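Below is structure14.cif, which holds mmCIF, C-alpha atoms.
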```cif
data_work
loop_
_atom_site.label_atom_id
_atom_site.label_comp_id
_atom_site.auth_asym_id
_atom_site.auth_seq_id
_atom_site.Cartn_x
_atom_site.Cartn_y
_atom_site.Cartn_z
CA MET A 176 -19.92 26.88 -22.35
CA SER A 177 -22.78 24.53 -21.59
CA THR A 178 -23.84 21.41 -23.40
CA HIS A 179 -27.28 19.92 -23.63
CA THR A 180 -29.78 17.20 -23.05
CA THR A 181 -32.72 16.20 -25.19
CA GLU A 182 -35.90 14.64 -23.98
CA PRO A 183 -34.86 11.75 -21.71
CA THR A 184 -33.07 9.20 -23.84
CA GLY A 185 -34.37 6.33 -21.81
CA SER A 186 -37.95 6.76 -22.97
CA SER A 187 -39.77 3.47 -23.19
CA GLU A 188 -42.02 4.66 -26.00
CA PRO A 189 -40.97 3.17 -29.35
CA ALA A 190 -41.09 5.13 -32.57
CA GLU A 191 -44.47 5.21 -34.23
CA GLY A 192 -45.11 4.32 -37.84
CA ALA A 193 -41.77 2.56 -38.31
CA GLU A 194 -41.19 -0.93 -39.67
CA ARG A 195 -40.71 -3.14 -36.65
CA HIS A 196 -38.55 -6.21 -36.13
CA GLY A 197 -38.80 -7.80 -32.72
CA GLY A 198 -39.97 -4.47 -31.28
CA LEU A 199 -37.33 -2.41 -33.09
CA PRO A 200 -37.82 0.09 -35.96
CA LEU A 201 -35.37 -1.76 -38.19
CA ALA A 202 -35.53 0.44 -41.30
CA ALA A 203 -34.87 3.59 -39.27
CA LEU A 204 -32.02 1.98 -37.32
CA LEU A 205 -30.40 0.74 -40.53
CA ALA A 206 -30.50 4.29 -41.86
CA LEU A 207 -28.65 5.43 -38.73
CA ALA A 208 -26.22 2.51 -39.16
CA THR A 209 -25.52 3.73 -42.69
CA ALA A 210 -24.78 7.18 -41.26
CA VAL A 211 -22.24 5.55 -38.92
CA PHE A 212 -20.80 3.70 -41.92
CA VAL A 213 -20.42 6.94 -43.88
CA THR A 214 -18.69 8.72 -40.99
CA SER A 215 -16.32 5.81 -40.28
CA LEU A 216 -15.45 5.20 -43.92
CA THR A 217 -14.93 8.90 -44.64
CA GLU A 218 -12.47 9.04 -41.74
CA THR A 219 -10.37 6.01 -42.71
CA LEU A 220 -10.67 5.99 -46.51
CA PRO A 221 -7.53 8.10 -47.19
CA ALA A 222 -5.40 5.37 -45.61
CA GLY A 223 -6.35 2.99 -48.42
CA VAL A 224 -5.61 5.44 -51.27
CA LEU A 225 -2.79 7.40 -49.63
CA PRO A 226 -0.07 6.92 -52.28
CA ALA A 227 -2.36 8.04 -55.11
CA MET A 228 -3.64 11.06 -53.16
CA SER A 229 -0.14 12.18 -52.19
CA ALA A 230 1.11 11.83 -55.77
CA ASP A 231 -1.84 13.78 -57.20
CA LEU A 232 -1.57 16.59 -54.66
CA GLY A 233 2.22 16.77 -54.75
CA VAL A 234 2.96 16.05 -51.08
CA GLY A 235 4.63 13.22 -49.22
CA GLU A 236 2.67 10.29 -47.86
CA SER A 237 3.31 11.35 -44.25
CA ALA A 238 1.82 14.78 -45.02
CA MET A 239 -1.13 13.18 -46.79
CA GLY A 240 -1.61 10.89 -43.82
CA GLN A 241 -2.47 13.95 -41.75
CA SER A 242 -5.77 14.05 -43.64
CA VAL A 243 -6.90 11.37 -41.19
CA THR A 244 -5.53 13.29 -38.21
CA VAL A 245 -7.17 16.59 -39.20
CA TYR A 246 -10.51 14.78 -39.51
CA ALA A 247 -10.17 13.47 -35.94
CA ILE A 248 -9.17 16.94 -34.73
CA GLY A 249 -12.21 18.47 -36.43
CA THR A 250 -14.42 16.04 -34.55
CA ALA A 251 -12.65 16.40 -31.21
CA VAL A 252 -12.67 20.19 -31.01
CA THR A 253 -16.23 20.78 -32.23
CA ALA A 254 -18.38 17.95 -30.86
CA ILE A 255 -19.20 19.62 -27.52
CA PRO A 256 -19.67 23.25 -28.68
CA LEU A 257 -21.72 22.22 -31.73
CA SER A 258 -23.88 19.92 -29.62
CA ALA A 259 -24.58 22.83 -27.29
CA ALA A 260 -25.30 25.23 -30.16
CA THR A 261 -27.79 22.82 -31.76
CA ALA A 262 -29.42 21.65 -28.54
CA GLY A 263 -32.88 22.87 -29.56
CA TRP A 264 -32.80 21.42 -33.08
CA ARG A 265 -35.04 18.53 -33.91
CA ARG A 266 -32.97 15.36 -34.28
CA LYS A 267 -33.82 14.60 -37.93
CA ARG A 268 -32.96 18.13 -39.02
CA LEU A 269 -29.63 17.90 -37.20
CA LEU A 270 -28.75 14.52 -38.72
CA LEU A 271 -29.68 15.73 -42.20
CA THR A 272 -27.43 18.75 -41.72
CA ALA A 273 -24.52 16.52 -40.69
CA MET A 274 -24.99 14.21 -43.69
CA ALA A 275 -25.18 17.20 -46.03
CA GLY A 276 -21.85 18.30 -44.56
CA PHE A 277 -20.34 14.94 -45.48
CA ALA A 278 -21.67 15.18 -49.03
CA ALA A 279 -20.16 18.64 -49.45
CA ALA A 280 -16.80 17.72 -47.86
CA ASN A 281 -16.37 14.56 -49.93
CA THR A 282 -17.28 16.45 -53.10
CA VAL A 283 -14.59 19.05 -52.42
CA THR A 284 -12.09 16.29 -51.59
CA ALA A 285 -12.89 14.52 -54.86
CA VAL A 286 -12.33 17.57 -57.07
CA SER A 287 -9.61 19.45 -55.16
CA THR A 288 -6.16 19.78 -56.70
CA ASP A 289 -4.80 21.79 -53.76
CA TYR A 290 -3.47 20.17 -50.58
CA SER A 291 -4.64 22.99 -48.30
CA LEU A 292 -8.18 22.89 -49.72
CA THR A 293 -8.26 19.11 -49.33
CA MET A 294 -7.21 19.40 -45.69
CA ALA A 295 -9.87 22.06 -45.09
CA ALA A 296 -12.49 19.73 -46.59
CA ARG A 297 -11.29 16.91 -44.35
CA PHE A 298 -11.60 19.18 -41.30
CA VAL A 299 -15.20 20.02 -42.31
CA ALA A 300 -15.92 16.30 -42.65
CA GLY A 301 -14.60 15.83 -39.11
CA VAL A 302 -16.86 18.62 -37.85
CA ALA A 303 -19.85 16.90 -39.48
CA ALA A 304 -18.78 13.66 -37.81
CA GLY A 305 -18.70 15.32 -34.39
CA LEU A 306 -22.22 16.56 -34.95
CA ALA A 307 -23.47 13.15 -36.07
CA TRP A 308 -21.71 11.04 -33.45
CA ALA A 309 -22.94 13.18 -30.57
CA LEU A 310 -26.55 12.42 -31.49
CA LEU A 311 -26.65 8.97 -33.15
CA ALA A 312 -26.57 6.77 -30.04
CA GLY A 313 -29.19 8.85 -28.24
CA TYR A 314 -31.34 8.97 -31.39
CA ALA A 315 -31.19 5.17 -31.67
CA ARG A 316 -32.19 4.73 -28.03
CA ARG A 317 -35.18 7.01 -28.41
CA LEU A 318 -36.46 4.98 -31.36
CA ALA A 319 -36.54 1.75 -29.31
CA PRO A 320 -38.38 0.37 -26.28
CA ALA A 321 -36.40 0.64 -23.03
CA HIS A 322 -35.55 -3.06 -22.82
CA LEU A 323 -34.10 -3.06 -26.37
CA GLN A 324 -32.20 0.21 -26.35
CA GLY A 325 -28.77 -1.44 -26.10
CA ARG A 326 -29.63 -3.68 -29.04
CA ALA A 327 -30.76 -0.65 -31.04
CA ILE A 328 -27.37 1.01 -30.47
CA ALA A 329 -25.64 -2.26 -31.43
CA ILE A 330 -27.50 -2.29 -34.77
CA VAL A 331 -26.50 1.31 -35.45
CA MET A 332 -22.86 0.67 -34.48
CA THR A 333 -22.53 -2.16 -37.03
CA GLY A 334 -21.63 0.66 -39.41
CA ILE A 335 -18.12 0.74 -37.87
CA PRO A 336 -16.99 -2.88 -38.47
CA VAL A 337 -18.73 -2.93 -41.84
CA ALA A 338 -16.75 0.16 -42.83
CA LEU A 339 -13.51 -1.45 -41.62
CA SER A 340 -14.08 -4.94 -43.01
CA LEU A 341 -15.81 -4.11 -46.30
CA GLY A 342 -15.78 -0.37 -46.93
CA VAL A 343 -12.06 0.34 -46.69
CA PRO A 344 -10.98 -2.70 -48.80
CA ALA A 345 -13.68 -1.91 -51.39
CA GLY A 346 -12.72 1.77 -51.45
CA THR A 347 -9.05 0.83 -51.84
CA PHE A 348 -9.86 -1.53 -54.72
CA LEU A 349 -12.00 1.08 -56.50
CA GLY A 350 -9.28 3.66 -55.93
CA GLU A 351 -6.73 1.41 -57.59
CA VAL A 352 -9.01 0.57 -60.54
CA LEU A 353 -10.87 3.86 -61.11
CA GLY A 354 -8.84 6.41 -59.18
CA TRP A 355 -9.15 7.81 -55.67
CA ARG A 356 -11.31 10.73 -56.85
CA VAL A 357 -13.99 8.30 -58.03
CA THR A 358 -13.98 6.69 -54.59
CA PHE A 359 -14.68 10.00 -52.85
CA THR A 360 -17.32 10.85 -55.47
CA LEU A 361 -19.08 7.59 -54.67
CA MET A 362 -19.01 8.60 -51.00
CA THR A 363 -20.87 11.76 -51.97
CA VAL A 364 -23.45 9.71 -53.90
CA LEU A 365 -23.94 7.49 -50.86
CA ALA A 366 -24.39 10.50 -48.56
CA VAL A 367 -26.98 12.04 -50.91
CA ALA A 368 -28.91 8.75 -51.10
CA LEU A 369 -28.78 8.54 -47.30
CA LEU A 370 -30.27 12.04 -47.03
CA GLY A 371 -33.33 10.78 -48.88
CA TRP A 372 -33.55 7.65 -46.75
CA ILE A 373 -33.38 9.61 -43.50
CA ALA A 374 -35.91 12.17 -44.71
CA ALA A 375 -38.39 9.48 -45.74
CA GLY A 376 -37.81 6.67 -43.26
CA VAL A 377 -36.51 7.91 -39.90
CA PRO A 378 -39.05 9.20 -37.35
CA ASP A 379 -38.23 12.63 -35.98
CA GLN A 380 -37.50 13.35 -32.33
CA PRO A 381 -37.54 16.73 -30.54
CA GLY A 382 -34.47 18.57 -29.37
CA GLN A 383 -34.12 20.13 -25.95
CA ARG A 384 -37.19 21.81 -24.54
CA ARG A 385 -36.74 25.57 -24.35
CA GLY A 386 -36.16 26.61 -20.78
CA ALA A 387 -35.40 23.04 -19.74
CA ALA A 388 -33.94 22.89 -16.29
CA GLY A 389 -31.74 19.92 -17.18
CA ARG A 390 -29.12 21.89 -19.10
CA ILE A 391 -25.78 21.03 -17.54
CA PRO A 392 -22.42 22.80 -17.97
CA VAL A 393 -19.91 20.49 -19.61
CA LEU A 394 -17.67 20.20 -16.55
CA ARG A 395 -20.63 19.25 -14.37
CA VAL A 396 -21.31 16.27 -16.64
CA LEU A 397 -18.14 14.78 -15.20
CA THR A 398 -19.72 14.80 -11.74
CA VAL A 399 -22.63 12.60 -12.82
CA PRO A 400 -22.01 9.21 -11.12
CA GLY A 401 -20.38 6.71 -13.46
CA VAL A 402 -19.62 9.10 -16.32
CA THR A 403 -15.97 9.88 -15.50
CA PRO A 404 -14.86 6.20 -15.22
CA ILE A 405 -16.50 5.45 -18.57
CA LEU A 406 -14.80 8.41 -20.21
CA PHE A 407 -11.45 7.29 -18.75
CA VAL A 408 -11.95 3.78 -20.11
CA THR A 409 -12.90 5.23 -23.50
CA LEU A 410 -9.84 7.48 -23.69
CA VAL A 411 -7.32 4.78 -22.74
CA PHE A 412 -8.97 1.89 -24.62
CA VAL A 413 -9.20 3.85 -27.88
CA LEU A 414 -5.66 5.15 -27.43
CA ALA A 415 -4.35 1.60 -26.98
CA HIS A 416 -6.24 0.29 -30.03
CA THR A 417 -5.20 3.18 -32.28
CA ILE A 418 -1.50 2.95 -31.44
CA LEU A 419 -1.34 -0.49 -33.03
CA TYR A 420 -4.10 -0.25 -35.65
CA THR A 421 -2.66 2.90 -37.24
CA TYR A 422 0.67 1.19 -37.83
CA ILE A 423 -0.54 -2.36 -38.45
CA ALA A 424 0.94 -2.41 -41.98
CA THR A 425 4.35 -1.36 -40.63
CA PHE A 426 4.09 -3.89 -37.79
CA LEU A 427 3.24 -6.70 -40.21
CA ASP A 428 6.08 -5.67 -42.50
CA GLY A 429 8.43 -6.10 -39.56
CA LEU A 430 7.16 -9.68 -39.24
CA GLY A 431 7.68 -10.36 -42.93
CA MET A 432 3.91 -10.28 -43.57
CA GLY A 433 3.68 -6.91 -45.30
CA GLY A 434 2.10 -8.51 -48.36
CA SER A 435 -0.75 -9.91 -46.24
CA THR A 436 -1.98 -6.65 -44.74
CA ASP A 437 -5.27 -6.71 -46.67
CA LEU A 438 -6.05 -10.26 -45.56
CA VAL A 439 -5.11 -9.51 -41.94
CA LEU A 440 -7.44 -6.49 -41.95
CA LEU A 441 -10.19 -8.61 -43.46
CA VAL A 442 -9.83 -11.12 -40.62
CA PHE A 443 -9.97 -8.22 -38.15
CA GLY A 444 -13.10 -6.82 -39.79
CA VAL A 445 -14.97 -10.12 -39.96
CA ALA A 446 -14.11 -10.84 -36.32
CA SER A 447 -15.36 -7.33 -35.44
CA LEU A 448 -18.71 -8.11 -37.06
CA ALA A 449 -18.94 -11.29 -34.96
CA GLY A 450 -18.05 -9.28 -31.86
CA ILE A 451 -20.73 -6.68 -32.39
CA TRP A 452 -23.33 -9.37 -33.12
CA PHE A 453 -22.45 -11.14 -29.86
CA VAL A 454 -22.54 -7.90 -27.89
CA GLY A 455 -25.81 -6.78 -29.45
CA ALA A 456 -27.58 -9.94 -28.35
CA ARG A 457 -26.50 -9.58 -24.71
CA ILE A 458 -25.68 -5.95 -23.98
CA ASP A 459 -28.92 -5.16 -22.15
CA ARG A 460 -28.16 -7.89 -19.60
CA ARG A 461 -24.37 -8.11 -19.26
CA LEU A 462 -22.82 -4.71 -19.89
CA ARG A 463 -19.95 -5.00 -17.39
CA ALA A 464 -19.02 -8.58 -18.28
CA LEU A 465 -19.02 -7.80 -21.98
CA THR A 466 -16.88 -4.67 -21.55
CA LEU A 467 -14.42 -6.61 -19.41
CA ALA A 468 -14.30 -9.41 -21.97
CA SER A 469 -13.74 -6.85 -24.73
CA ALA A 470 -10.70 -5.34 -22.99
CA LEU A 471 -9.29 -8.76 -22.04
CA LEU A 472 -9.57 -10.11 -25.58
CA VAL A 473 -7.66 -7.13 -26.97
CA ALA A 474 -5.08 -7.54 -24.19
CA VAL A 475 -4.60 -11.23 -24.99
CA SER A 476 -4.23 -10.34 -28.65
CA ALA A 477 -1.56 -7.75 -27.82
CA ALA A 478 0.28 -10.28 -25.64
CA LEU A 479 0.33 -12.81 -28.50
CA LEU A 480 1.59 -10.19 -30.95
CA ALA A 481 4.24 -9.03 -28.46
CA VAL A 482 5.85 -12.47 -28.29
CA PRO A 483 8.40 -12.92 -31.11
CA ALA A 484 7.27 -15.91 -33.17
CA ASP A 485 7.71 -16.88 -36.80
CA SER A 486 4.10 -17.98 -37.11
CA PRO A 487 1.59 -16.29 -39.45
CA ALA A 488 -1.13 -18.53 -37.97
CA LEU A 489 -0.50 -17.02 -34.53
CA VAL A 490 -0.73 -13.51 -35.99
CA TYR A 491 -4.07 -14.30 -37.65
CA ALA A 492 -5.38 -15.83 -34.41
CA ALA A 493 -4.27 -12.77 -32.44
CA VAL A 494 -5.88 -10.38 -34.93
CA ALA A 495 -9.12 -12.40 -34.82
CA LEU A 496 -9.20 -12.05 -31.02
CA TRP A 497 -8.46 -8.34 -31.39
CA GLY A 498 -11.36 -7.84 -33.79
CA LEU A 499 -13.68 -9.94 -31.64
CA GLY A 500 -12.87 -7.79 -28.62
CA TRP A 501 -12.85 -4.44 -30.37
CA GLY A 502 -15.96 -4.93 -32.53
CA GLY A 503 -18.44 -4.36 -29.73
CA ALA A 504 -16.40 -1.71 -27.87
CA PRO A 505 -18.07 1.36 -29.44
CA THR A 506 -21.51 -0.02 -28.64
CA LEU A 507 -20.55 -0.96 -25.09
CA LEU A 508 -18.97 2.40 -24.27
CA GLN A 509 -21.73 4.49 -25.87
CA THR A 510 -24.40 2.44 -24.10
CA ALA A 511 -22.58 2.73 -20.77
CA VAL A 512 -22.15 6.51 -20.97
CA THR A 513 -25.72 7.04 -22.16
CA ASP A 514 -27.11 4.94 -19.31
CA ALA A 515 -24.90 6.67 -16.74
CA GLY A 516 -25.68 10.13 -18.13
CA GLY A 517 -29.44 9.76 -17.72
CA ASP A 518 -31.13 13.05 -18.66
CA SER A 519 -27.65 14.42 -19.45
CA ALA A 520 -26.95 11.56 -21.87
CA ASP A 521 -26.35 13.75 -24.92
CA ALA A 522 -23.87 15.88 -22.99
CA ALA A 523 -22.04 12.73 -21.90
CA GLN A 524 -22.10 11.46 -25.50
CA ALA A 525 -20.54 14.69 -26.74
CA ALA A 526 -17.75 14.30 -24.16
CA LEU A 527 -17.22 10.69 -25.22
CA VAL A 528 -17.00 11.66 -28.91
CA THR A 529 -14.47 14.37 -28.06
CA LEU A 530 -12.26 12.02 -26.04
CA TRP A 531 -12.63 9.22 -28.59
CA ASN A 532 -11.27 11.37 -31.40
CA ALA A 533 -8.62 12.95 -29.20
CA ALA A 534 -7.46 9.40 -28.43
CA MET A 535 -7.41 8.54 -32.13
CA ALA A 536 -5.29 11.57 -32.94
CA GLY A 537 -3.07 10.89 -29.91
CA GLY A 538 -2.71 7.22 -30.82
CA GLY A 539 -1.32 8.10 -34.23
CA VAL A 540 1.23 10.44 -32.68
CA ALA A 541 2.18 8.11 -29.79
CA GLY A 542 2.51 5.14 -32.13
CA GLY A 543 4.78 7.13 -34.41
CA VAL A 544 7.03 8.12 -31.50
CA LEU A 545 7.22 4.52 -30.30
CA LEU A 546 7.97 3.33 -33.81
CA ASP A 547 10.79 5.82 -34.31
CA HIS A 548 12.46 5.25 -30.94
CA LEU A 549 11.69 1.65 -29.93
CA GLY A 550 10.65 -0.13 -33.12
CA THR A 551 7.57 -2.12 -34.12
CA GLY A 552 7.92 -4.54 -31.22
CA SER A 553 7.01 -1.77 -28.76
CA LEU A 554 3.52 -1.32 -30.23
CA PRO A 555 1.76 -4.41 -28.83
CA TRP A 556 3.55 -4.01 -25.49
CA SER A 557 2.18 -0.45 -25.20
CA VAL A 558 -1.32 -1.75 -25.90
CA LEU A 559 -0.96 -4.37 -23.18
CA LEU A 560 0.28 -1.86 -20.60
CA LEU A 561 -2.47 0.65 -21.37
CA LEU A 562 -5.18 -1.98 -21.02
CA ILE A 563 -4.24 -2.85 -17.43
CA PRO A 564 -5.97 0.23 -15.92
CA VAL A 565 -8.88 -0.26 -18.34
CA VAL A 566 -9.50 -3.75 -16.99
CA VAL A 567 -9.19 -2.56 -13.38
CA VAL A 568 -11.68 0.32 -13.79
CA VAL A 569 -14.26 -1.83 -15.60
CA ALA A 570 -13.91 -4.60 -13.01
CA LEU A 571 -14.57 -2.10 -10.20
CA GLY A 572 -17.91 -1.57 -11.87
CA GLN A 573 -18.74 2.13 -11.51
CA GLY A 574 -20.57 3.08 -14.69
CA PHE A 575 -20.64 -0.53 -15.90
CA PRO A 576 -23.66 -2.32 -14.35
CA ALA A 577 -23.37 -6.08 -13.98
CA GLY A 578 -26.99 -7.12 -14.50
CA ALA A 579 -30.00 -6.45 -16.66
CA LYS A 580 -31.70 -3.08 -16.83
CA ARG A 581 -34.80 -2.71 -14.77
#
```
If you convert what's in this file into C-alpha cells, what do you get?
Amino acid sequence: MSTHTTEPTGSSEPAEGAERHGGLPLAALLALATAVFVTSLTETLPAGVLPAMSADLGVGESAMGQSVTVYAIGTAVTAIPLSAATAGWRRKRLLLTAMAGFAAANTVTAVSTDYSLTMAARFVAGVAAGLAWALLAGYARRLAPAHLQGRAIAIVMTGIPVALSLGVPAGTFLGEVLGWRVTFTLMTVLAVALLGWIAAGVPDQPGQRRGAAGRIPVLRVLTVPGVTPILFVTLVFVLAHTILYTYIATFLDGLGMGGSTDLVLLVFGVASLAGIWFVGARIDRRLRALTLASALLVAVSAALLAVPADSPALVYAAVALWGLGWGGAPTLLQTAVTDAGGDSADAAQAALVTLWNAAMAGGGVAGGVLLDHLGTGSLPWSVLLLLIPVVVVVALGQGFPAGAKR
C-alpha cells in the first residue's frame, strides 16, 4: 500500500481571491477551523451525554463509552489507506466529501434506536475524521505564504480547544435541556452549513499530479529525516494526555471534587485557547522551544496532580498549566511533521493521524487498567513517566528545528 503527496505543501504562493488578514486568507482558514471543530466535537460529544444515550439505547455506560473508542479506531485504521485512495482528488472535493460523511453519521446517530447501528454510525464518523485530518494541515499551509504557514495551521487548530472548552459543555447543556438527539441533530445542521461555507469560500487546491514521481510507500515515509522522532513524540505525548483526560472526572471524584468537573474542564479549555494563541504567534520561529515547553508544562501539571494535597486551588493551577501546554500541541506536532515530510507531507500527516488516534484509543484502555489495578493516583504518575522520553527526543532536536524558517 502506498500513500501520497500533493503539490508541495510548502508553496509560497498564497491563495488567490480570498479575504486576507495580515497575508492570510482568514475566511478560508476559519472554515477549515470549523471543520476541525466539527471533527473534535463529534468525537468527544458522547462523553457529555453518556448517561442519556446509554439509557435510551438500553446498554451500560461503559458500553456506550465505546462510542468514543470506535470513532478513534475508525480514524486510525482508515486514515492512511483512504489518503492513498484519494490522492488524486482535488482538496475541496475531498474536504466536502468528509464533511458530508459527518452530516450523514450524526444524522444516523441522532435518530438511531439500535446500539449496533449507532456504533456503526460512530465508526463512519471516525472514517470521515481520518479523511479530514489527513488533509487539513496541508490544505491550510497551501493557502498561506511560506513565512505564515505555521500561523495558518494554528488558526485552523483552534477548532480543538474551542470544541473542548465551549463545544462539549454547550453540547452537554443542550443534551440535558433538549435531549441528546437534539444535540447530534444540531451537529448535522452545523456540518451542512459548513458544506456551503467551504463550497463558497475556500479556494481549491489540486491533488497529486498523475504519474508524480514523489509517491512514497508508507513505510518509506518513516525514513524521511525527522519524521520518525516526531511520530514517536506524537504517539507518547497523546497517550500520556489521554490516560488522564479520559478519566479526569473519576480522578477529581477521588479528590472530592467530582462536583467541579465542568468548571475544571472549563479552566482546561480556556488555558488551551491561550496556549494555542501563544503558539500561533511564535511557531514559525521557535518550533523546538515551544514543543519542549508544551511537554514540560504538561509534565509539571502531572507532578502537581500526583502529589497528594487537599487543595482545590492547586488542582485548578495544575489543570491550567496542563491546558496551556496541551493547547498548542496539535499545531506544533502537525507543523513539525509537515515541515519534516517536505514533498511527502501528506503521507507523514496520514501517519500522524493514525498514530494520534491509536494513542487516544490506547490511552483509554491503559487508563482503565491503571484505574482498576492501581487507583486514580497512578494516572498523573503515568503521565509524568511517559513524558520523560518525549522531553528527551524533542530536546535532541531531530525534526524540531530551533530557529525560524528560511
field: Two-atom distance - atom CA of Arg268 of chain A, atom CA of Thr513 of chain A (Å)
entry: 21.4 Å
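Interatomic distance, atom CA of Ala534 of chain A to atom CA of Leu406 of chain A: 11.1 Å.
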message: For Ala247 of chain A, find every residue with an atom within 10 Å (counting all atoms listed in the file), except residues of its own chain fewer than 4 positions away, and show them as a list of chain:residue names.
response: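 Neighbouring residues, sequence-local ones excluded: A:Glu218, A:Gln241, A:Ser242, A:Val243, A:Ala251, A:Val252, A:Arg297, A:Phe298, A:Ala300, A:Gly301, A:Val302, A:Ala304, A:Gly305, A:Val528, A:Thr529, A:Trp531, A:Asn532, A:Ala533, A:Ala534, A:Met535, A:Ala536, A:Gly537.
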Residue neighbourhood Met362 of chain A, 9 Å, all atoms listed in the file, exclusion window fewer than 3 positions, as a list in words: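 Once the adjacent positions are removed, what remains is Val213, Leu216, Thr217, Phe277, Ala278, Asn281, Thr282, Val357, Thr358, Phe359, Leu365, Ala366 and Val367 of chain A.
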task: Go through A:Ala202, A:Val364, A:Ala375, A:Ile451 and flag the residue nearest Pro336 of chain A, using all atoms listed in the file for the distances.
output: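 Smallest distance to Pro336 of chain A is found for A:Ile451.
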query: What separation in Å, quoted to one decimal, exists between atom CA of Gly450 of chain A and atom CA of Arg326 of chain A?
result: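 Straight-line distance from atom CA of Gly450 of chain A to atom CA of Arg326 of chain A works out to 13.2 Å.
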task: Check the smallest atom-to-atom distance from each of A:Leu397, A:Val445, A:Leu462, A:Val490 to Leu430 of chain A using all atoms listed in the file, then report the winner.
output: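 Distance minimum relative to Leu430 of chain A lands on A:Val490.
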message: For this structure, which residues satisfy the selection - the PyMOL selection byres ((chain A and resi 476-479) around 6) - when it is evaluated on the file as given? I want them as a ChimeraX atom specification.
response: /A:473-475,480-482,493,496-497,555,559
Residues as selected, C-alpha atoms, written as a short mmCIF file (atom, residue, chain, number, x, y, z; two decimals), in the coordinates of the input, can you do that?
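What follows is the written file result06.cif:
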```
data_model
loop_
_atom_site.label_atom_id
_atom_site.label_comp_id
_atom_site.auth_asym_id
_atom_site.auth_seq_id
_atom_site.Cartn_x
_atom_site.Cartn_y
_atom_site.Cartn_z
CA VAL A 473 -7.66 -7.13 -26.97
CA ALA A 474 -5.08 -7.54 -24.19
CA VAL A 475 -4.60 -11.23 -24.99
CA LEU A 480 1.59 -10.19 -30.95
CA ALA A 481 4.24 -9.03 -28.46
CA VAL A 482 5.85 -12.47 -28.29
CA ALA A 493 -4.27 -12.77 -32.44
CA LEU A 496 -9.20 -12.05 -31.02
CA TRP A 497 -8.46 -8.34 -31.39
CA PRO A 555 1.76 -4.41 -28.83
CA LEU A 559 -0.96 -4.37 -23.18
#
```
query: So which residues get picked by the PyMOL selection byres ((chain A and resi 352-355) around 12) here, written as a PyMOL selection string?
result: chain A and resi 220-232+281+284-287+345-351+356-362
- request: Kindly indicate which residue among A:Pro576, A:Gly444, A:Gly433, A:Gly401 lies nearest to Gly516 of chain A, using all atoms listed in the file for the distances.
  value: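 Of the candidates, the smallest distance to Gly516 of chain A is held by A:Gly401.
The closest residue to Ala327 of chain A, picked from A:Gln573, A:Thr244, A:Thr506, A:Ser557 and counting all atoms listed in the file, is A:Thr506.
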query: Quick one: of A:Ala238, A:Leu419, A:Ala520, A:Ala262, who's nearest to Arg316 of chain A, counting only C-alpha atoms?
result: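 Using only C-alpha atoms, the shortest distance to Arg316 of chain A belongs to A:Ala520.
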Rebuild segment 220-231 of chain A so that it carries N, CA and C atoms, then output the result as a short mmCIF file (atom, residue, chain, number, x, y, z; two decimals), keeping the file's coordinate frame.
```cif
data_model
loop_
_atom_site.label_atom_id
_atom_site.label_comp_id
_atom_site.auth_asym_id
_atom_site.auth_seq_id
_atom_site.Cartn_x
_atom_site.Cartn_y
_atom_site.Cartn_z
N LEU A 220 -10.88 6.25 -45.09
CA LEU A 220 -10.67 5.99 -46.51
C LEU A 220 -9.32 6.48 -47.05
N PRO A 221 -8.82 7.66 -46.65
CA PRO A 221 -7.53 8.10 -47.19
C PRO A 221 -6.40 7.10 -46.97
N ALA A 222 -6.47 6.33 -45.88
CA ALA A 222 -5.40 5.37 -45.61
C ALA A 222 -5.27 4.35 -46.73
N GLY A 223 -6.38 3.99 -47.37
CA GLY A 223 -6.35 2.99 -48.42
C GLY A 223 -5.90 3.53 -49.77
N VAL A 224 -5.98 4.84 -49.97
CA VAL A 224 -5.61 5.44 -51.27
C VAL A 224 -4.52 6.50 -51.08
N LEU A 225 -3.76 6.37 -50.00
CA LEU A 225 -2.79 7.40 -49.63
C LEU A 225 -1.73 7.66 -50.70
N PRO A 226 -1.11 6.63 -51.27
CA PRO A 226 -0.07 6.92 -52.28
C PRO A 226 -0.61 7.71 -53.47
N ALA A 227 -1.79 7.35 -53.95
CA ALA A 227 -2.36 8.04 -55.11
C ALA A 227 -2.73 9.48 -54.76
N MET A 228 -3.29 9.71 -53.59
CA MET A 228 -3.64 11.06 -53.16
C MET A 228 -2.39 11.93 -53.03
N SER A 229 -1.35 11.39 -52.39
CA SER A 229 -0.14 12.18 -52.19
C SER A 229 0.53 12.52 -53.52
N ALA A 230 0.52 11.57 -54.46
CA ALA A 230 1.11 11.83 -55.77
C ALA A 230 0.33 12.90 -56.53
N ASP A 231 -0.99 12.81 -56.48
CA ASP A 231 -1.84 13.78 -57.20
C ASP A 231 -1.70 15.19 -56.63
#
```
